[in-house]
Each structure stands twice: as C-alpha cells, then as structure tokens.
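Taking it in order: structure first as structure tokens, then the write-up.
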There are 2 protein chains.
Amino acid sequence: MRVKGKQYRTIWPDADDPRIIHIIDQRLLPHCFEIEKLTNINNFITAIADMHVRGAGLIGAAAGFAVYSILLDSKKEWKKNLEYQCRRLIKARPTATNLAWAVKRQLAGLSEITDLYQARETSFKTAIAIADEDAECCRMIGEHGSAIIEELSRKKAGDTVNILTHCNAGWLAFVDYGSATAPIYAAAARGIKVKVWVDETRPWLQGSRLTAWELSQEGIAHEIVADNTGGHLMQHRMVDMVIVGTDRTTRRGDVANKIGTYLKALAAKDNEIPFYVALPSSTFDWDISDGIRYIPIEEISADEILYIKINDADGRTIRERIAPENSKAKNYGFDVTPARLVSGLITERGVCGANETDIIRLFPEKRV
Amino acid sequence: MRVKGKQYRTIWPDADDPRIIHIIDQRLLPHCFEIEKLTNINNFITAIADMHVRGAGLIGAAAGFAVYSILLDSKKEWKKNLEYQCRRLIKARPTATNLAWAVKRQLAGLSEITDLYQARETSFKTAIAIADEDAECCRMIGEHGSAIIEELSRKKAGDTVNILTHCNAGWLAFVDYGSATAPIYAAAARGIKVKVWVDETRPWLQGSRLTAWELSQEGIAHEIVADNTGGHLMQHRMVDMVIVGTDRTTRRGDVANKIGTYLKALAAKDNEIPFYVALPSSTFDWDISDGIRYIPIEEISADEILYIKINDADGRTIRERIAPENSKAKNYGFDVTPARLVSGLITERGVCGANETDIIRLFPEKRV
C-alpha cells in the first residue's frame, strides 16, 4: 500500500542484499515512519515480542523470514541451532497462532534437507511464499468484500457508504491490503465513495495510531471516534456497515477480535446494520465451536489503562498516570462476538454466512 | 463524602465568611485535590464554563451560590445588574438545564423583593436550599437503590456484588452522594460487599479521573476498565448489575447519558443483567417521549479525541497528539438509551419501571 505516495509492503527483503529484512517499526506510528532492518534472530525476536510488528498475517510472515535468518547465522550442527532458535522464536509471542504455524511450515519444508546452503535457499523461498500468500489472501478478501460495499453504494444511489471499523485489521497487520480494510481499499479503487469511522480502540489506540494513518496515506475519507460512539452513529443511520477483523474464528462462526468488537456487533444488530468479519481462513480454529466458552481471553498489562503512553513527534515516549494512585485496572485483550450477531464472513474464497453449514460449504475439506 | 478521611461536599460556603464559596477544582483530579475559593460572578462563570465544577446537580448548586455572589457585588440598580449577570451566567454552559433552572428559581424568589439586603439574605437561603435538596435527593436515591443491591447480595449468599458504571454520576457531579454511586455507597455502609467496574469513559476519562478517585477515597473496591470491556465482563458473569446516571430522561424513560451508555445497556440486555439508571427527578424532561428522535446530542471539540491532555502529579498539563496529522475526529457527548433496555429508574421517590405508566405513578403531578 502507499506511504507518502510510495508503494510498500509491511515486510520485505532488501533489494540488494536479501539477507537484510525490512519492517516498519509500528510503535512509532503515526508520527514517525521508520524502517527497521532485521539481520539476525535476536532482531526478529525483539521486533515480534516488543510489537515493532503486530497482526496475525505480519507476525506469520516475520516468523518465516526469521527462520531464514537463523539459517544464515548457522554453521556446523545447524539443525540443532535451528531447533533451539525456533523454540525461542515461538516464545516471543506465545498466543500468536500464525507465528507457530509459520515456524512449523518452515521446519516441515526443511526436514528432509541436510545441506545448509540448500536449507537457506529453501527457507528463503518459503518465507517469500508465506508473505506472498498472505498478501494474495488479503487481495482476494478485498475482491469479495468490495462487492458488498458496491451493492450498498448502489442502494444509496452512489452516495457515500459509511463503514465503521474497530482496531487495526489493516495492511499493517498483514503483508499488504489488510483484512477488514481490503474491501474498503478495493471499493475505493473502483471509484466507490466510502468514508470510514475509525474506533480509536482503547487502550492501545490501534485505531487512531494505525488505521487512521493507513487510511490517510491511502487518501480514504475517515474520522476517528471514541469507542463509545458507534452505537450513537448507528442509531442515527450514520453507519451503513461494520467490517472488523478477527484473531480466531470458530467453526460455527464465533469471532474473537479486539475487546469491544462484541459491543459494536450488538449495536449493529439492534439497528439492523450489516456486521461483517473479514478474515484469511488461517484464523479459523476448526476444533472449536463455542467461542465464548472455549476461547481463552488474554489479559494484558493493566498499565495500558492506568497510564497513557505516547510517542511524540520527536519519537520521545511520554508516560503519565491517568488513574488515581491506588486504583487498579483490568485489561482484557479480546472479546468474543457470537455468530448470531455476524451478518457474514468475508474470506479469500468468498463470503459466507456465520454458521457451520455455510462455512463448510466454502471449506469442504474441513468437514468432519 | 470522604476525602483523605475528612467529610466534604462538592460546594460549601466558608464557615467564617459565607461570602466565600468553596469548590473542588475537578480538572486537577485525581492527582491534586485543590480547593478553590469563588468570590465573584466572574469566578463562578469561569468555574462553570471551564469545568472546575461539572455534573447536573453541582452546576445547579453552583448557579444558586453564583446568584448570591452577584447580589453581594451589586449596589444601586441591583435588579438590572442581577438580570445582566444572570444572562452571562446561563451562557456559561448553555446545555446544562440545572444551571438555567437554579437561576430561574433564584430570580422567582427575588421577584417581589426590593431591598438589596433582604435580597442577599433570601438568595443565600435559596442557594443553601438548592444544595441541601440536591444532597437529600441523592441520599434518597441511595436508600432506594441500595435495596436492589442488597437483594442481589442475598441471591449471591453474601458474595460480592459486582456493579459496572459509566462516566461519573458520583458525588463529584452532585453536592453529595451522587446518583449512580449513591446506592453503592449506601450498600457499602450497610456492610454489603460490593466491587465496582469503572469504565474509564473516553474521551475525557471521567471514570478513571473522577469515579475511581471517589471510590478509592471512600474505600470501595473497584477496577478501571477500558470502555470496550463491559460486554466481555457481562458475557462471563463478572457483572451483576449496571448503574449509570442520566443527563436527561424522557417521560417514557429514554435516557440521554454519556456517550457509550447505550452500548452497555445492549450488552446488559443480551446477557440478562439488570441495567438501572439513577436520577434525581429534576433530570426528567416531561415534554419529550422519544429520546432518540428528540434529544439533540451535543458535539464537543474533536481535540479531546485527537489529543491526550493530562495533568501530571505536579499539576502541569501535557497535551500530545495521538492521531495522524491529517486525520479528523468526531466527538459526540451523549447517546440515548431507549427505555426498552432499562430495567428500572432509581429516583428520590423510589424505583420504577422505565415506562410512562410506572413513571407517572411515582410522579402523578406530571400526568397530562
């Protein structure tokens, strides 16, 4: 996607020296656009653990390149080192399923190889494939999802389609396009008038920091609102549809996404506004049906609520307590939106209802 | 209520010189507890306009004392000056109905009086009456509301009753006790185990700054959560009831309260958790039934969303942009929760259903 008019992905090997992997240090957005070079496994682990990179798709792609980087620094007994470093890598963000998945895919591809040079070559190809597939997946989500926006635009006789989104399921969370944003970008590219309501997404402010930044770089009309606002907007028909991403989707279509998503789904239902979830099928957890019961919800440091931490335009970090000295806080990362509140799932294979029958029709290989 | 173990109201005349009116400068909370002295009408206008004081009840009480203060500084042609200054006073916060109401009440009480000294005496008495009635109203809300909490406590065999609240409808918004908090304080005083989930309430953070501070001063167990969290807490039975305040209540029980209230009401309904609104009956707007259609929703400066503004422990104000340079924001102050989502209204006269029949049964003088 575009940054200052130039095309970027969120991760890419250096054109001259592919042993150097470039990422965008997302902690510094929206005020500083800084490209970081990753050249060894410790760089990758720091980047993943400290959230220089974030989002399911991008973490998976970063893990792919991380394995290649391990092999670049391996010498004799490289298989042993690979195994050891991959264990460290997975621990960098234990709940990120795409991280473990990408490492597993790399290791499977290397299992028969004994020659280090061949291993390096294979792992580089796999890393590129993981990244390309992620981007292609999101591009297809854009294709399928933009048809829904186009239909709404027709119903409004070409008037602006107002779309609300929560958190950042944008291209910064993937290798390109994003999931929830892909249909928006695709629709805008086709000349459909769209405007995006960006939930600021407390406590980390992914909406203000990342989604608003992406949209402004792409020139998409948008306004940021406090997370509290969506219900009011929907009551007054200022929202035509909601599109969000998902971190984990059950086989019947329950959706675990950033905390607060469930509240927007309730408001959409109450006001008969379509509520869509966009996802690459890799986020399906085919073993679970009841998401509220069986998806564990991560607790994050309460400091995100008790303190405001911001990077100013000079890159300095400011941290101030906003709560009383003696007050505590609780910080749940995600909530689960039950399938009954979801109008449809936008996947790389097409759009389907949020129920097992429809999902399995699109993914027949997952029939049990 | 208690601050550092000492009893306070939010507004009171000086014990030695009642011409001096004391308030708490709420802008500096939770880090600094600073008492401000108001001695002339300009002090009062600044305090009301710049939100040193806030909340329906407290603004009304402040307006009462402001009129007294006008008369203290009036000499010849005092009626003319009174009229002129009252017009300025009302403009300090044009949407605060209690402000206009208190001024009107003062002026009505003074209409027959020609002697300035008698006018001063009368207006002081009226100001005290407005403040005392506000406190008494909230105390009664506490009495009626704590019965609901007691009942929940019984059902849980004495286990902690978990109560979620949004924004600050606490004693800081009134003269004493608060509306939404009064039942909590009354229940706690009776030895009932309660714990409060405090919505931080973006963008101004009334929850973190004010409600959490009040609760911690009173020694009530509480935890702050991002506004996004309530749905998840309710899904997992971590909330037994919701109590919020209201800025304006229609005759059928629709409720305009801080933006985001509607989302919590939806989550409570979806999880069959009682959702109560506590209010002095002065917040009823008896002329309106359909709140979503007829209550205009104030737009506030978008800067509250685009910038973080905090007072640090030294009282310095820090303001940092959290959104991209070119992004805009929209900041609606309130939303309307339709009566169908409200389990009951807790008023100074008792608890009633959120429908015209029940409300009028409690306020028969408002039958049309």
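Labels used: A, B, ... for chains in the order of the structure tokens, numbers from 1 for residues in each chain, and numbers from 1 for ligands as shown.
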Range 179-182 of chain A environment, 6 Å, only C-alpha atoms, sequence neighbours closer than 2 positions dropped, as JSON, numbers by chain: {"A": [138, 142, 169, 170, 177, 184, 185, 243, 244, 245, 278, 279]}
Residue hits in chain A, query chain B, radius 6 Å, only C-alpha atoms, as a ChimeraX atom specification: /A:30,208-209,213,223-225,228-229,232,259-260,263,323-324,328-330,335
Atoms kept (N, CA and C atoms) for selection, written as a PDB file, in the first residue's frame:
ATOM      1  N   PRO A  30       1.617   7.073  14.693  1.00  0.00           N
ATOM      2  CA  PRO A  30       1.541   7.650  13.340  1.00  0.00           C
ATOM      3  C   PRO A  30       2.529   8.789  13.083  1.00  0.00           C
ATOM      4  N   SER A 208      -6.592   4.954  16.204  1.00  0.00           N
ATOM      5  CA  SER A 208      -6.027   6.294  15.975  1.00  0.00           C
ATOM      6  C   SER A 208      -4.614   6.215  15.427  1.00  0.00           C
ATOM      7  N   ARG A 209      -3.841   5.296  16.008  1.00  0.00           N
ATOM      8  CA  ARG A 209      -2.428   5.249  15.645  1.00  0.00           C
ATOM      9  C   ARG A 209      -2.181   4.624  14.279  1.00  0.00           C
ATOM     10  N   TRP A 213      -3.927   6.218  10.235  1.00  0.00           N
ATOM     11  CA  TRP A 213      -2.713   6.524   9.482  1.00  0.00           C
ATOM     12  C   TRP A 213      -2.719   5.854   8.108  1.00  0.00           C
ATOM     13  N   GLU A 223     -12.993   9.487   9.822  1.00  0.00           N
ATOM     14  CA  GLU A 223     -12.993  10.259  11.057  1.00  0.00           C
ATOM     15  C   GLU A 223     -12.821   9.297  12.231  1.00  0.00           C
ATOM     16  N   ILE A 224     -12.027   9.735  13.185  1.00  0.00           N
ATOM     17  CA  ILE A 224     -11.788   8.923  14.380  1.00  0.00           C
ATOM     18  C   ILE A 224     -12.883   9.226  15.397  1.00  0.00           C
ATOM     19  N   VAL A 225     -13.358   8.196  16.071  1.00  0.00           N
ATOM     20  CA  VAL A 225     -14.326   8.388  17.160  1.00  0.00           C
ATOM     21  C   VAL A 225     -13.882   7.592  18.381  1.00  0.00           C
ATOM     22  N   ASN A 228     -16.794   4.556  22.411  1.00  0.00           N
ATOM     23  CA  ASN A 228     -18.152   4.707  22.938  1.00  0.00           C
ATOM     24  C   ASN A 228     -19.177   5.172  21.906  1.00  0.00           C
ATOM     25  N   THR A 229     -18.712   5.612  20.744  1.00  0.00           N
ATOM     26  CA  THR A 229     -19.565   6.393  19.845  1.00  0.00           C
ATOM     27  C   THR A 229     -20.389   5.575  18.856  1.00  0.00           C
ATOM     28  N   HIS A 232     -24.315   5.312  18.972  1.00  0.00           N
ATOM     29  CA  HIS A 232     -24.996   6.555  18.595  1.00  0.00           C
ATOM     30  C   HIS A 232     -24.998   6.750  17.077  1.00  0.00           C
ATOM     31  N   ILE A 259     -11.003  -6.436  22.007  1.00  0.00           N
ATOM     32  CA  ILE A 259     -12.029  -6.116  23.001  1.00  0.00           C
ATOM     33  C   ILE A 259     -12.874  -4.921  22.523  1.00  0.00           C
ATOM     34  N   GLY A 260     -14.182  -5.063  22.650  1.00  0.00           N
ATOM     35  CA  GLY A 260     -15.087  -4.003  22.209  1.00  0.00           C
ATOM     36  C   GLY A 260     -15.825  -4.337  20.926  1.00  0.00           C
ATOM     37  N   LEU A 263     -19.502  -5.280  21.456  1.00  0.00           N
ATOM     38  CA  LEU A 263     -20.418  -4.150  21.696  1.00  0.00           C
ATOM     39  C   LEU A 263     -20.886  -3.539  20.372  1.00  0.00           C
ATOM     40  N   ALA A 323      -4.900   7.449  36.184  1.00  0.00           N
ATOM     41  CA  ALA A 323      -5.811   6.941  37.214  1.00  0.00           C
ATOM     42  C   ALA A 323      -5.282   7.329  38.589  1.00  0.00           C
ATOM     43  N   PRO A 324      -6.156   7.295  39.606  1.00  0.00           N
ATOM     44  CA  PRO A 324      -5.685   7.592  40.958  1.00  0.00           C
ATOM     45  C   PRO A 324      -4.575   6.621  41.376  1.00  0.00           C
ATOM     46  N   LYS A 328      -6.693   0.153  40.740  1.00  0.00           N
ATOM     47  CA  LYS A 328      -6.185  -0.896  39.868  1.00  0.00           C
ATOM     48  C   LYS A 328      -7.027  -0.952  38.594  1.00  0.00           C
ATOM     49  N   ALA A 329      -6.549  -1.716  37.622  1.00  0.00           N
ATOM     50  CA  ALA A 329      -7.298  -1.847  36.370  1.00  0.00           C
ATOM     51  C   ALA A 329      -7.199  -3.277  35.867  1.00  0.00           C
ATOM     52  N   LYS A 330      -8.091  -3.626  34.961  1.00  0.00           N
ATOM     53  CA  LYS A 330      -8.108  -4.952  34.350  1.00  0.00           C
ATOM     54  C   LYS A 330      -8.111  -4.723  32.840  1.00  0.00           C
ATOM     55  N   ASP A 335     -12.570  -9.882  22.941  1.00  0.00           N
ATOM     56  CA  ASP A 335     -13.842 -10.452  23.353  1.00  0.00           C
ATOM     57  C   ASP A 335     -14.365 -11.313  22.216  1.00  0.00           C
TER      58      ASP A 335
END
Pick from B:Ile141, B:Ile59, B:Cys167, B:Val3, whichever lies nearest to Ile35 in chain B using only C-alpha atoms: B:Val3
Set the distance at 9 Å and use only C-alpha atoms: which residues neighbour Asp240 in chain A once local chain neighbours fewer than 3 positions away are removed? I'd like the list as a compact mmCIF listing (two decimals) with N, CA, C and O atoms, in the first residue's frame.
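To be explicit, this is the file written out as part.txt:
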# COMPACT_ATOMS: atom_id res chain seq x y z
N LEU A 152 -24.14 -1.75 -1.50
CA LEU A 152 -24.65 -0.69 -0.62
C LEU A 152 -24.63 0.66 -1.34
O LEU A 152 -25.54 1.47 -1.20
N VAL A 161 -20.76 5.46 1.15
CA VAL A 161 -21.02 4.33 2.04
C VAL A 161 -20.18 4.52 3.30
O VAL A 161 -18.95 4.65 3.22
N ASN A 162 -20.84 4.58 4.45
CA ASN A 162 -20.15 4.82 5.71
C ASN A 162 -19.87 3.50 6.41
O ASN A 162 -20.79 2.75 6.73
N ILE A 163 -18.59 3.24 6.65
CA ILE A 163 -18.17 1.95 7.18
C ILE A 163 -17.48 2.16 8.52
O ILE A 163 -16.57 2.99 8.62
N LEU A 164 -17.90 1.43 9.54
CA LEU A 164 -17.23 1.54 10.84
C LEU A 164 -16.28 0.35 11.01
O LEU A 164 -16.63 -0.78 10.67
N MET A 234 -24.84 4.50 14.80
CA MET A 234 -25.74 3.52 14.16
C MET A 234 -27.20 3.88 14.37
O MET A 234 -28.01 3.77 13.46
N ARG A 237 -28.27 6.27 11.77
CA ARG A 237 -28.03 5.87 10.37
C ARG A 237 -26.79 6.52 9.78
O ARG A 237 -26.74 6.78 8.57
N ILE A 273 -27.99 -3.08 11.00
CA ILE A 273 -26.89 -2.66 10.12
C ILE A 273 -25.99 -3.87 9.91
O ILE A 273 -25.66 -4.57 10.87
N PRO A 274 -25.61 -4.16 8.65
CA PRO A 274 -24.79 -5.36 8.42
C PRO A 274 -23.43 -5.30 9.13
O PRO A 274 -22.77 -4.27 9.12
Residues within 10 Å of range 14-18 of chain A, only C-alpha atoms, excluding chain neighbours under 3 positions, as a VMD selection string: chain A and resid 11 21 to 22 37 39 124
Residue contacts of Val53 in chain B (8 Å, only C-alpha atoms) excluding same-chain residues fewer than 6 positions away, as number ranges by chain: B: 23-26, 47, 59, 173
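A straight line drawn from CA of Gly109 in chain B to CA of Ala129 in chain B is 11.9 Å long.
Note that CA of Trp286 in chain A and CA of Lys366 in chain A are 7.4 Å apart.
CA of Ser281 in chain A is found 8.8 Å from CA of Phe363 in chain A.
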Distance query Ala147 in chain A at most 10 Å, only C-alpha atoms, self and fewer than 5 positions along chain excluded, as a ChimeraX atom specification: /A:142,152-153,183,186-187,351
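Using only C-alpha atoms, the protein and nucleic acid residues lying no more than 7 Å from Thr246 in chain B, apart from those fewer than 3 places from it along its own chain, are B:Thr249, B:Val255, B:Ala256, B:Asn257, B:Val277, B:Leu279.
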Counting only C-alpha atoms, which of A:Leu28, A:Lys193, A:Ile90, A:Lys80 gets nearest to Arg154 in chain A? A:Lys193
If DSSP is run on the backbone, what residues of range 88-334 of chain B are strand (DSSP E)? A reply as a count of residues only would be ideal. 46
DSSP-assigned alpha helix (DSSP H) members of range 68-248 of chain A, reported as an NGL selection string: :A and (68-72 or 78-91 or 97-110 or 116-155 or 182-189 or 206 or 212-218 or 230-235)
